[in-house]
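Structure file query18.pdb (PDB, C-alpha atoms and all ligand atoms) follows.
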```
ATOM      1  CA  GLN A   2      -4.326  27.002  -2.217
ATOM      2  CA  PRO A   3      -2.129  23.980  -1.463
ATOM      3  CA  ILE A   4       1.540  24.615  -0.713
ATOM      4  CA  LEU A   5       2.585  21.807  -3.044
ATOM      5  CA  GLU A   6       0.802  20.369  -6.053
ATOM      6  CA  VAL A   7       2.014  17.424  -8.056
ATOM      7  CA  LYS A   8       0.125  17.110 -11.320
ATOM      8  CA  ASN A   9       0.421  14.045 -13.551
ATOM      9  CA  MET A  10       4.080  13.783 -12.670
ATOM     10  CA  THR A  11       6.023  11.130 -14.539
ATOM     11  CA  LYS A  12       9.647  10.156 -14.134
ATOM     12  CA  TYR A  13      11.165   7.566 -16.456
ATOM     13  CA  PHE A  14      14.841   6.597 -16.363
ATOM     14  CA  PRO A  15      16.410   5.445 -19.595
ATOM     15  CA  VAL A  16      17.934   1.955 -19.217
ATOM     16  CA  ALA A  17      19.651  -0.374 -21.645
ATOM     17  CA  LYS A  18      18.245  -1.333 -25.068
ATOM     18  CA  ASN A  19      15.880   1.575 -25.610
ATOM     19  CA  LYS A  20      13.992   0.692 -22.503
ATOM     20  CA  GLU A  21      12.750   2.906 -19.744
ATOM     21  CA  LEU A  22      12.317   2.301 -16.084
ATOM     22  CA  LYS A  23       8.917   3.739 -15.278
ATOM     23  CA  ALA A  24       9.668   4.868 -11.744
ATOM     24  CA  VAL A  25       6.798   7.329 -11.386
ATOM     25  CA  ASP A  26       3.817   7.233 -13.701
ATOM     26  CA  ASN A  27       1.243  10.001 -13.835
ATOM     27  CA  VAL A  28       1.115  10.736 -10.127
ATOM     28  CA  SER A  29      -1.042  13.581  -8.793
ATOM     29  CA  PHE A  30      -1.602  14.839  -5.266
ATOM     30  CA  SER A  31      -1.447  18.053  -3.323
ATOM     31  CA  ILE A  32      -0.338  18.991   0.161
ATOM     32  CA  GLN A  33      -1.851  21.727   2.303
ATOM     33  CA  LYS A  34       0.256  24.031   4.434
ATOM     34  CA  GLY A  35       0.942  22.510   7.850
ATOM     35  CA  GLU A  36      -0.205  19.100   6.738
ATOM     36  CA  THR A  37       1.664  15.811   6.831
ATOM     37  CA  PHE A  38       1.133  13.799   3.696
ATOM     38  CA  GLY A  39       2.281  10.193   3.969
ATOM     39  CA  LEU A  40       3.468   8.340   0.888
ATOM     40  CA  VAL A  41       3.709   4.585   1.320
ATOM     41  CA  GLY A  42       4.493   1.514  -0.721
ATOM     42  CA  GLU A  43       7.021  -1.322  -1.003
ATOM     43  CA  SER A  44      10.611  -0.454  -1.811
ATOM     44  CA  GLY A  45      10.994   0.200  -5.497
ATOM     45  CA  CYS A  46       7.466   1.608  -5.909
ATOM     46  CA  GLY A  47       8.756   5.069  -6.824
ATOM     47  CA  LYS A  48       8.095   6.960  -3.613
ATOM     48  CA  SER A  49      11.690   8.156  -3.144
ATOM     49  CA  THR A  50      11.861   9.097  -6.809
ATOM     50  CA  THR A  51       8.659  11.074  -6.309
ATOM     51  CA  GLY A  52      10.269  12.989  -3.423
ATOM     52  CA  ARG A  53      13.489  13.554  -5.297
ATOM     53  CA  THR A  54      11.734  14.747  -8.428
ATOM     54  CA  ILE A  55       9.597  17.169  -6.416
ATOM     55  CA  ILE A  56      12.637  18.714  -4.795
ATOM     56  CA  GLY A  57      14.479  18.893  -8.116
ATOM     57  CA  LEU A  58      17.198  16.286  -7.539
ATOM     58  CA  TYR A  59      15.762  14.614 -10.659
ATOM     59  CA  GLN A  60      14.306  16.281 -13.706
ATOM     60  CA  LYS A  61      10.720  15.186 -14.277
ATOM     61  CA  THR A  62       9.847  13.426 -17.527
ATOM     62  CA  SER A  63       6.448  15.124 -17.743
ATOM     63  CA  GLY A  64       3.771  16.707 -15.617
ATOM     64  CA  GLU A  65       4.069  19.571 -13.180
ATOM     65  CA  VAL A  66       5.242  20.269  -9.667
ATOM     66  CA  LEU A  67       3.844  23.506  -8.296
ATOM     67  CA  TYR A  68       5.144  25.125  -5.140
ATOM     68  CA  LYS A  69       2.756  27.875  -4.056
ATOM     69  CA  GLY A  70       1.439  27.850  -7.581
ATOM     70  CA  LYS A  71       4.831  28.077  -9.341
ATOM     71  CA  ASP A  72       6.309  25.311 -11.466
ATOM     72  CA  VAL A  73       9.496  24.319  -9.620
ATOM     73  CA  HIS A  74      11.114  22.984 -12.759
ATOM     74  CA  LYS A  75      10.811  26.384 -14.436
ATOM     75  CA  LEU A  76      12.198  28.678 -11.769
ATOM     76  CA  SER A  77      14.774  31.374 -12.393
ATOM     77  CA  GLU A  78      18.112  30.887 -10.598
ATOM     78  CA  LYS A  79      17.045  33.302  -7.904
ATOM     79  CA  GLU A  80      13.671  31.625  -7.395
ATOM     80  CA  LYS A  81      15.386  28.255  -7.306
ATOM     81  CA  PHE A  82      17.581  29.434  -4.463
ATOM     82  CA  THR A  83      14.522  30.490  -2.451
ATOM     83  CA  PHE A  84      12.736  27.240  -3.274
ATOM     84  CA  GLN A  85      15.735  25.218  -2.074
ATOM     85  CA  ARG A  86      15.654  27.137   1.159
ATOM     86  CA  ASN A  87      11.986  26.494   1.694
ATOM     87  CA  MET A  88      12.071  22.843   0.774
ATOM     88  CA  GLN A  89      14.488  20.552   2.576
ATOM     89  CA  MET A  90      15.001  16.821   2.642
ATOM     90  CA  ILE A  91      15.761  14.304   5.380
ATOM     91  CA  PHE A  92      17.237  11.019   4.258
ATOM     92  CA  GLN A  93      16.795   7.426   5.306
ATOM     93  CA  ASP A  94      20.357   6.718   6.286
ATOM     94  CA  PRO A  95      21.447   9.515   8.583
ATOM     95  CA  TYR A  96      24.990   8.196   8.630
ATOM     96  CA  ALA A  97      25.525   8.136   4.900
ATOM     97  CA  SER A  98      24.078  11.615   4.546
ATOM     98  CA  LEU A  99      26.407  13.209   7.113
ATOM     99  CA  ASN A 100      29.997  13.927   6.144
ATOM    100  CA  PRO A 101      32.117  11.794   8.515
ATOM    101  CA  ARG A 102      34.974  14.324   8.460
ATOM    102  CA  SER A 103      32.853  17.280   9.482
ATOM    103  CA  THR A 104      31.858  18.202  12.991
ATOM    104  CA  VAL A 105      28.212  18.569  13.845
ATOM    105  CA  ARG A 106      28.694  22.331  13.903
ATOM    106  CA  GLU A 107      30.133  22.308  10.387
ATOM    107  CA  ILE A 108      27.389  20.003   9.123
ATOM    108  CA  ILE A 109      24.603  22.183  10.466
ATOM    109  CA  SER A 110      26.182  25.512   9.494
ATOM    110  CA  GLU A 111      27.028  24.515   5.934
ATOM    111  CA  PRO A 112      23.582  25.244   4.450
ATOM    112  CA  MET A 113      23.577  28.612   6.242
ATOM    113  CA  GLU A 114      26.924  29.490   4.680
ATOM    114  CA  VAL A 115      25.787  28.413   1.228
ATOM    115  CA  HIS A 116      22.651  30.506   1.526
ATOM    116  CA  GLY A 117      24.368  33.430   3.210
ATOM    117  CA  LEU A 118      22.263  33.256   6.359
ATOM    118  CA  TYR A 119      23.670  34.475   9.654
ATOM    119  CA  SER A 120      26.824  35.723   7.930
ATOM    120  CA  ASN A 121      28.499  36.462  11.222
ATOM    121  CA  LYS A 122      30.266  33.398  12.596
ATOM    122  CA  LYS A 123      29.146  33.943  16.145
ATOM    123  CA  GLU A 124      25.519  34.319  15.117
ATOM    124  CA  ARG A 125      25.781  31.139  13.103
ATOM    125  CA  LEU A 126      27.172  29.254  16.082
ATOM    126  CA  GLU A 127      24.322  30.512  18.256
ATOM    127  CA  ARG A 128      21.937  29.263  15.602
ATOM    128  CA  VAL A 129      23.638  25.848  15.623
ATOM    129  CA  TYR A 130      23.195  25.643  19.401
ATOM    130  CA  GLU A 131      19.572  26.635  19.062
ATOM    131  CA  LEU A 132      18.960  23.974  16.426
ATOM    132  CA  LEU A 133      20.708  21.297  18.487
ATOM    133  CA  GLU A 134      18.392  22.115  21.360
ATOM    134  CA  ASP A 135      15.370  22.063  19.047
ATOM    135  CA  VAL A 136      16.149  18.470  18.109
ATOM    136  CA  GLY A 137      16.865  17.261  21.638
ATOM    137  CA  LEU A 138      20.671  17.467  21.517
ATOM    138  CA  ASN A 139      22.830  20.110  23.205
ATOM    139  CA  ARG A 140      25.673  22.518  22.536
ATOM    140  CA  ASP A 141      28.268  20.077  23.873
ATOM    141  CA  HIS A 142      27.556  17.962  20.800
ATOM    142  CA  ALA A 143      28.613  20.686  18.361
ATOM    143  CA  ASN A 144      32.279  19.789  18.138
ATOM    144  CA  ARG A 145      31.843  16.038  17.817
ATOM    145  CA  TYR A 146      31.811  13.879  14.696
ATOM    146  CA  PRO A 147      28.892  11.809  13.338
ATOM    147  CA  HIS A 148      30.444   8.452  14.311
ATOM    148  CA  GLU A 149      30.270   9.448  17.964
ATOM    149  CA  PHE A 150      26.470   9.348  17.865
ATOM    150  CA  SER A 151      23.802   6.655  17.863
ATOM    151  CA  GLY A 152      21.520   6.178  14.841
ATOM    152  CA  GLY A 153      18.708   8.147  16.453
ATOM    153  CA  GLN A 154      21.042  11.002  17.367
ATOM    154  CA  ARG A 155      22.450  11.084  13.838
ATOM    155  CA  GLN A 156      18.965  11.422  12.475
ATOM    156  CA  ARG A 157      18.444  14.326  14.896
ATOM    157  CA  ILE A 158      21.562  15.943  13.423
ATOM    158  CA  GLY A 159      20.120  15.393   9.931
ATOM    159  CA  ILE A 160      16.902  17.051  11.063
ATOM    160  CA  ALA A 161      18.789  19.999  12.577
ATOM    161  CA  ARG A 162      20.611  20.474   9.278
ATOM    162  CA  ALA A 163      17.302  20.375   7.382
ATOM    163  CA  LEU A 164      15.918  23.028   9.733
ATOM    164  CA  ALA A 165      18.934  25.318   9.456
ATOM    165  CA  LEU A 166      17.394  27.391   6.660
ATOM    166  CA  ASN A 167      13.959  27.715   8.280
ATOM    167  CA  PRO A 168      12.221  25.715   5.564
ATOM    168  CA  GLU A 169       8.451  25.642   5.087
ATOM    169  CA  CYS A 170       8.324  22.120   3.826
ATOM    170  CA  ILE A 171      10.338  18.967   4.518
ATOM    171  CA  ILE A 172      10.478  15.813   2.457
ATOM    172  CA  ALA A 173      11.362  13.019   4.855
ATOM    173  CA  ASP A 174      12.425   9.956   2.884
ATOM    174  CA  GLU A 175      12.023   6.994   5.226
ATOM    175  CA  PRO A 176      13.550   8.941   8.103
ATOM    176  CA  ILE A 177      12.958   6.177  10.624
ATOM    177  CA  SER A 178      13.389   2.986   8.589
ATOM    178  CA  ALA A 179      17.054   2.553   9.500
ATOM    179  CA  LEU A 180      16.416   3.099  13.215
ATOM    180  CA  ASP A 181      15.661   0.664  16.041
ATOM    181  CA  VAL A 182      11.962   0.328  16.719
ATOM    182  CA  SER A 183      12.423   1.856  20.170
ATOM    183  CA  VAL A 184      13.960   4.980  18.627
ATOM    184  CA  GLN A 185      11.483   5.305  15.754
ATOM    185  CA  ALA A 186       8.691   6.674  17.940
ATOM    186  CA  GLN A 187      11.058   9.250  19.468
ATOM    187  CA  VAL A 188      12.022  10.587  16.061
ATOM    188  CA  VAL A 189       8.378  10.644  14.924
ATOM    189  CA  ASN A 190       7.444  12.551  18.076
ATOM    190  CA  LEU A 191      10.272  14.993  17.491
ATOM    191  CA  LEU A 192       9.081  15.613  13.924
ATOM    192  CA  LYS A 193       5.550  16.207  15.210
ATOM    193  CA  LYS A 194       6.768  18.616  17.875
ATOM    194  CA  LEU A 195       8.848  20.562  15.347
ATOM    195  CA  GLN A 196       5.893  20.711  13.003
ATOM    196  CA  GLU A 197       3.731  22.296  15.695
ATOM    197  CA  GLU A 198       6.415  24.756  16.753
ATOM    198  CA  LYS A 199       7.449  25.819  13.277
ATOM    199  CA  GLY A 200       4.319  25.257  11.216
ATOM    200  CA  LEU A 201       6.139  22.825   8.933
ATOM    201  CA  THR A 202       4.588  20.878   6.088
ATOM    202  CA  TYR A 203       5.792  17.304   5.625
ATOM    203  CA  LEU A 204       5.889  14.805   2.840
ATOM    204  CA  PHE A 205       6.609  11.677   4.852
ATOM    205  CA  ILE A 206       7.774   8.676   2.846
ATOM    206  CA  ALA A 207       7.621   5.195   4.375
ATOM    207  CA  HIS A 208       7.495   1.588   3.260
ATOM    208  CA  ASP A 209       4.962   0.374   5.788
ATOM    209  CA  LEU A 210       1.814   1.784   7.219
ATOM    210  CA  SER A 211       2.465   1.324  10.926
ATOM    211  CA  MET A 212       4.247   4.588  11.828
ATOM    212  CA  VAL A 213       2.857   6.742   9.040
ATOM    213  CA  LYS A 214      -0.574   6.520  10.613
ATOM    214  CA  HIS A 215       0.549   8.409  13.686
ATOM    215  CA  ILE A 216       1.981  11.327  11.810
ATOM    216  CA  SER A 217      -0.038  11.734   8.594
ATOM    217  CA  ASN A 218      -3.223  13.653   7.961
ATOM    218  CA  ARG A 219      -3.631  12.026   4.573
ATOM    219  CA  ILE A 220      -1.873   9.093   2.971
ATOM    220  CA  GLY A 221      -1.198   8.117  -0.618
ATOM    221  CA  VAL A 222      -0.419   4.497  -1.455
ATOM    222  CA  MET A 223       1.945   3.782  -4.352
ATOM    223  CA  TYR A 224       2.454   0.604  -6.282
ATOM    224  CA  LEU A 225       4.852   0.195  -9.187
ATOM    225  CA  GLY A 226       5.087   3.906  -9.923
ATOM    226  CA  HIS A 227       1.331   4.527  -9.637
ATOM    227  CA  LEU A 228      -0.726   6.125  -6.932
ATOM    228  CA  VAL A 229      -3.467   3.567  -6.236
ATOM    229  CA  GLU A 230      -5.310   5.083  -3.280
ATOM    230  CA  LEU A 231      -5.367   8.402  -1.432
ATOM    231  CA  THR A 232      -7.443   9.408   1.553
ATOM    232  CA  THR A 233      -7.322  10.606   5.140
ATOM    233  CA  SER A 234      -5.297   8.579   7.571
ATOM    234  CA  ASN A 235      -8.470   7.510   9.363
ATOM    235  CA  SER A 236     -10.369   6.270   6.374
ATOM    236  CA  LEU A 237      -7.320   4.496   4.999
ATOM    237  CA  TYR A 238      -7.061   2.468   8.210
ATOM    238  CA  ASN A 239     -10.753   1.978   8.779
ATOM    239  CA  LYS A 240     -12.036   1.714   5.253
ATOM    240  CA  PRO A 241      -9.253   0.756   2.848
ATOM    241  CA  LEU A 242     -10.542   0.156  -0.668
ATOM    242  CA  HIS A 243      -7.712  -0.862  -2.949
ATOM    243  CA  PRO A 244      -6.725  -4.557  -2.705
ATOM    244  CA  TYR A 245      -3.081  -3.502  -2.382
ATOM    245  CA  THR A 246      -3.807  -1.155   0.528
ATOM    246  CA  LYS A 247      -5.728  -3.978   2.208
ATOM    247  CA  ALA A 248      -2.722  -6.258   1.832
ATOM    248  CA  LEU A 249      -0.359  -3.623   3.253
ATOM    249  CA  LEU A 250      -2.656  -3.037   6.211
ATOM    250  CA  SER A 251      -3.069  -6.713   6.911
ATOM    251  CA  ALA A 252       0.691  -6.948   7.387
ATOM    252  CA  ILE A 253       0.625  -4.642  10.411
ATOM    253  CA  PRO A 254       0.519  -6.599  13.640
ATOM    254  CA  ILE A 255      -2.430  -5.565  15.793
ATOM    255  CA  PRO A 256      -1.300  -5.174  19.405
ATOM    256  CA  ASP A 257      -4.706  -5.929  20.942
ATOM    257  CA  PRO A 258      -5.105  -9.755  21.134
ATOM    258  CA  ASP A 259      -8.915  -9.449  21.196
ATOM    259  CA  ILE A 260      -9.018  -8.084  17.701
ATOM    260  CA  GLU A 261      -6.218 -10.191  16.328
ATOM    261  CA  ASP A 262      -8.502 -12.150  14.042
ATOM    262  CA  ALA A 263     -10.551  -9.191  12.944
ATOM    263  CA  ARG A 264      -8.257  -8.455  10.062
ATOM    264  CA  GLU A 265      -7.605 -11.155   7.554
ATOM    265  CA  ARG A 266      -3.928 -11.562   6.742
ATOM    266  CA  ILE A 267      -3.493 -11.096   3.001
ATOM    267  CA  VAL A 268      -0.264 -12.453   1.618
ATOM    268  CA  LEU A 269       0.608 -10.971  -1.744
ATOM    269  CA  GLN A 270       1.104 -13.625  -4.370
ATOM    270  CA  GLY A 271       3.996 -13.630  -6.803
ATOM    271  CA  GLU A 272       6.825 -11.213  -7.317
ATOM    272  CA  LEU A 273       6.754  -7.476  -7.727
ATOM    273  CA  PRO A 274       6.825  -6.957 -11.528
ATOM    274  CA  SER A 275       9.609  -4.929 -13.086
ATOM    275  CA  PRO A 276       8.932  -1.223 -13.589
ATOM    276  CA  ILE A 277      10.742  -1.614 -16.925
ATOM    277  CA  ASP A 278       8.003  -3.874 -18.172
ATOM    278  CA  PRO A 279       4.930  -3.245 -16.020
ATOM    279  CA  PRO A 280       1.733  -5.281 -16.532
ATOM    280  CA  SER A 281      -0.834  -3.916 -19.000
ATOM    281  CA  GLY A 282      -4.030  -2.440 -17.603
ATOM    282  CA  CYS A 283      -3.902  -2.349 -13.818
ATOM    283  CA  VAL A 284      -0.300  -2.583 -12.633
ATOM    284  CA  PHE A 285      -1.406  -4.569  -9.572
ATOM    285  CA  ARG A 286      -3.309  -7.251 -11.489
ATOM    286  CA  THR A 287      -0.557  -9.922 -11.401
ATOM    287  CA  ARG A 288      -0.850 -10.013  -7.612
ATOM    288  CA  CYS A 289      -4.503  -9.148  -7.137
ATOM    289  CA  GLN A 290      -6.934 -11.799  -5.980
ATOM    290  CA  PHE A 291      -9.848  -9.870  -7.501
ATOM    291  CA  ALA A 292      -8.402  -9.356 -10.981
ATOM    292  CA  MET A 293     -11.032  -9.483 -13.770
ATOM    293  CA  ASP A 294     -10.679  -9.469 -17.566
ATOM    294  CA  ALA A 295     -11.004  -5.705 -17.625
ATOM    295  CA  CYS A 296      -7.975  -5.384 -15.353
ATOM    296  CA  ALA A 297      -5.633  -6.658 -18.068
ATOM    297  CA  ASN A 298      -7.092  -4.453 -20.771
ATOM    298  CA  MET A 299      -7.857  -1.142 -19.169
ATOM    299  CA  LYS A 300      -6.024   1.109 -16.783
ATOM    300  CA  PRO A 301      -8.324   1.800 -13.850
ATOM    301  CA  GLU A 302      -9.218   5.471 -13.650
ATOM    302  CA  TRP A 303      -8.315   7.612 -10.682
ATOM    303  CA  GLN A 304     -11.717   8.389  -9.204
ATOM    304  CA  GLU A 305     -13.190   9.955  -6.100
ATOM    305  CA  VAL A 306     -15.380   7.324  -4.489
ATOM    306  CA  GLY A 307     -16.160   9.052  -1.226
ATOM    307  CA  GLU A 308     -15.410  12.345   0.425
ATOM    308  CA  ASN A 309     -11.666  12.818   0.125
ATOM    309  CA  HIS A 310     -11.200   9.204  -0.890
ATOM    310  CA  PHE A 311      -9.591   8.420  -4.230
ATOM    311  CA  VAL A 312      -8.822   5.016  -5.668
ATOM    312  CA  ALA A 313      -7.695   3.515  -8.971
ATOM    313  CA  CYS A 314      -9.381   0.113  -9.158
ATOM    314  CA  HIS A 315     -12.053  -1.333 -11.440
ATOM    315  CA  LEU A 316     -13.855  -2.845  -8.442
ATOM    316  CA  TYR A 317     -15.154   0.657  -7.725
ATOM    317  CA  ASN A 318     -16.289   1.256 -11.275
ATOM    318  CA  GLU A 319     -19.699  -0.400 -11.350
ATOM    319  CA  GLY A 320     -20.007  -0.235 -15.103
ATOM    320  CA  ILE A 321     -16.910  -2.321 -15.588
ATOM    321  CA  VAL A 322     -17.764  -4.775 -12.823
ATOM    322  CA  ASP A 323     -21.224  -5.401 -14.376
ATOM    323  CA  LEU A 324     -19.754  -5.780 -17.834
ATOM    324  CA  THR A 325     -17.138  -8.235 -16.570
ATOM    325  CA  SER A 326     -19.705 -10.400 -14.813
ATOM    326  CA  GLU A 327     -21.908 -10.371 -17.924
ATOM    327  CA  ILE A 328     -18.974 -11.541 -20.026
ATOM    328  CA  ALA A 329     -18.105 -14.189 -17.447
ATOM    329  CA  ALA A 330     -21.721 -15.412 -17.381
ATOM    330  CA  SER A 331     -21.913 -15.682 -21.168
ATOM    331  CA  LYS A 332     -18.762 -17.797 -21.350
TER     332      LYS A 332
HETATM  333 FE1  LIG B 401      -7.303  -5.776  -8.728
HETATM  334 FE2  LIG B 401      -8.450  -5.133 -11.018
HETATM  335 FE3  LIG B 401      -8.632  -3.496  -8.945
HETATM  336 FE4  LIG B 401      -6.343  -3.795 -10.234
HETATM  337  S1  LIG B 401      -8.225  -2.917 -11.061
HETATM  338  S2  LIG B 401      -6.630  -3.756  -8.056
HETATM  339  S3  LIG B 401      -6.410  -5.957 -10.740
HETATM  340  S4  LIG B 401      -9.488  -5.545  -9.116
HETATM  341 MG    MG B 402      13.385   4.655  -1.156
END
```
Output the file's structure as structure tokens, nothing else.
Amino acid sequence: QPILEVKNMTKYFPVAKNKELKAVDNVSFSIQKGETFGLVGESGCGKSTTGRTIIGLYQKTSGEVLYKGKDVHKLSEKEKFTFQRNMQMIFQDPYASLNPRSTVREIISEPMEVHGLYSNKKERLERVYELLEDVGLNRDHANRYPHEFSGGQRQRIGIARALALNPECIIADEPISALDVSVQAQVVNLLKKLQEEKGLTYLFIAHDLSMVKHISNRIGVMYLGHLVELTTSNSLYNKPLHPYTKALLSAIPIPDPDIEDARERIVLQGELPSPIDPPSGCVFRTRCQFAMDACANMKPEWQEVGENHFVACHLYNEGIVDLTSEIAASK
């Protein structure tokens, strides 16, 4: 049984004039215990909203989020408390998410106080020291303030705070995007190390595919509120199917000059459409070089096209491709 299951989850935000912003539309995926599931897509595609709705910061519009088989939006107060303990979040901007007037010790002990863990002050302080060491900082840092640290160190503090309650699962919302490239790998390695030591499960949200590859077992690609492809990290990199995934991958610089030309650079045409008024049919069609008639009229179905490889694109629905070419030929 997966630790987390998201079933047809939809999150719409009401906006002016009886309109809705369709941030997340009918998204389904599940995460196994100990796994890292990467969720990628351009900013505004709904990946942060997905994370926030899962953890309960937003109420879902429809669908289900199951944690160990239980609907997290229907928990009793007591169950909610346990769920919050088991499921923590790390944010993109470590500075904004740390109270500037609190010391590192206060920041890391706060969740323990709220949840009544380590009620004795001395025990709590020991726990803070332990956590600081877990994330590569030390006890001398406990009485300092967030502004005294570099971006990478602040993110380590954010991670220590997320670990304070011994969670099972962490939603990391672009935890490295605000960091220098040189620091990004260090934070990714730290997250990997912590995962091994503590058996953590991660939902790792990112806007590009370069770092996610190194940490994720499986990756889901989102576009305009929709999941468009989902497979193992390896097959996503070696055998991407959806035209959008191909475009995202082609944007990653390949360090080996010998294979530089092996991957065609695909530049996405046009603007990202508004999630208030998404295109009919396939949401990607306004920027897709393969768009056919069917793409404007029918939503592509989410289908399994290979072992553990799911995609929503008419190109992989032979019936529709044949029909479209017949129509084109008869014109
Ligand atoms: Fe492109 Fe059509 Fe596939 Fe959408 S369904 S990605 S428009 S080919
Ligand atoms: Mg975001």
For this session: Compile the contact shell of A:Pro176 as a ChimeraX atom specification: residues with an atom at most 12 Å away, counting all atoms listed in the file, same-chain residues fewer than 3 positions apart removed.
Result: /A:49,90-96,98,152-153,155-160,171-173,179-181,184-189,191-192,203-208,212-213
For this session: Name the residues in contact with A:Glu265 at a cut-off of 10 Å, using all atoms listed in the file, excluding same-chain residues fewer than 4 positions from it; report them as JSON, numbers by chain.
Result: {"A": [247, 248, 250, 251, 252, 261]}
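A distance cut-off of 9 Å from ligand LIG 401 (chain B), applied to only C-alpha atoms and all ligand atoms, picks out the residues Val229, His243, Pro244, Tyr245, Gly282, Cys283, Val284, Phe285, Arg286, Thr287, Arg288, Cys289, Gln290, Phe291, Ala292, Met293, Asp294, Ala295, Cys296, Ala297, Met299, Lys300, Pro301, Glu302, Ala313, Cys314, His315, Leu316 and Tyr317 of chain A.
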Requested write-out: C-alpha atoms of the selected residues, as a compact mmCIF listing (two decimals), in the frame of the given file:
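Wrote selection_25.txt, looks like this:
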```
# COMPACT_ATOMS: atom_id res chain seq x y z
CA VAL A 229 -3.47 3.57 -6.24
CA HIS A 243 -7.71 -0.86 -2.95
CA PRO A 244 -6.72 -4.56 -2.70
CA TYR A 245 -3.08 -3.50 -2.38
CA GLY A 282 -4.03 -2.44 -17.60
CA CYS A 283 -3.90 -2.35 -13.82
CA VAL A 284 -0.30 -2.58 -12.63
CA PHE A 285 -1.41 -4.57 -9.57
CA ARG A 286 -3.31 -7.25 -11.49
CA THR A 287 -0.56 -9.92 -11.40
CA ARG A 288 -0.85 -10.01 -7.61
CA CYS A 289 -4.50 -9.15 -7.14
CA GLN A 290 -6.93 -11.80 -5.98
CA PHE A 291 -9.85 -9.87 -7.50
CA ALA A 292 -8.40 -9.36 -10.98
CA MET A 293 -11.03 -9.48 -13.77
CA ASP A 294 -10.68 -9.47 -17.57
CA ALA A 295 -11.00 -5.70 -17.62
CA CYS A 296 -7.98 -5.38 -15.35
CA ALA A 297 -5.63 -6.66 -18.07
CA MET A 299 -7.86 -1.14 -19.17
CA LYS A 300 -6.02 1.11 -16.78
CA PRO A 301 -8.32 1.80 -13.85
CA GLU A 302 -9.22 5.47 -13.65
CA ALA A 313 -7.70 3.52 -8.97
CA CYS A 314 -9.38 0.11 -9.16
CA HIS A 315 -12.05 -1.33 -11.44
CA LEU A 316 -13.86 -2.84 -8.44
CA TYR A 317 -15.15 0.66 -7.72
```
For this session: Neighbourhood query: residues within 8 Å of (-1.7, 19.2, -5.0), file coordinates, counting all atoms listed in the file; return as a VMD selection string.
Result: chain A and resid 3 to 8 29 to 33 67
Just C-alpha atoms for this one: save the residues we selected as a PDB file, in the frame of the given file.
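File written: part_14.pdb
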```
ATOM      1  CA  PRO A   3      -2.129  23.980  -1.463  1.00  0.00           C
ATOM      2  CA  ILE A   4       1.540  24.615  -0.713  1.00  0.00           C
ATOM      3  CA  LEU A   5       2.585  21.807  -3.044  1.00  0.00           C
ATOM      4  CA  GLU A   6       0.802  20.369  -6.053  1.00  0.00           C
ATOM      5  CA  VAL A   7       2.014  17.424  -8.056  1.00  0.00           C
ATOM      6  CA  LYS A   8       0.125  17.110 -11.320  1.00  0.00           C
ATOM      7  CA  SER A  29      -1.042  13.581  -8.793  1.00  0.00           C
ATOM      8  CA  PHE A  30      -1.602  14.839  -5.266  1.00  0.00           C
ATOM      9  CA  SER A  31      -1.447  18.053  -3.323  1.00  0.00           C
ATOM     10  CA  ILE A  32      -0.338  18.991   0.161  1.00  0.00           C
ATOM     11  CA  GLN A  33      -1.851  21.727   2.303  1.00  0.00           C
ATOM     12  CA  LEU A  67       3.844  23.506  -8.296  1.00  0.00           C
TER      13      LEU A  67
END
```
Problem set entry | Computed interatomic separation between atom CA of A:His142 and atom CA of A:Arg162 (Å) | 13.7 Å
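Take atom CA of A:Glu308 and atom CA of A:Thr233: the distance between them is 9.5 Å.
The binding environment of ligand MG 402 (chain B), defined as every protein, DNA or RNA residue with an atom no more than 7 Å away and counting only C-alpha atoms and all ligand atoms, comprises Ser44, Gly45, Lys48, Ser49, Asp174 and Glu175 of chain A.
The residue that comes closest to A:Ala17, out of A:Ser110, A:Phe150, A:Ile277, A:Leu99 and on the basis of all atoms listed in the file, is A:Ile277.
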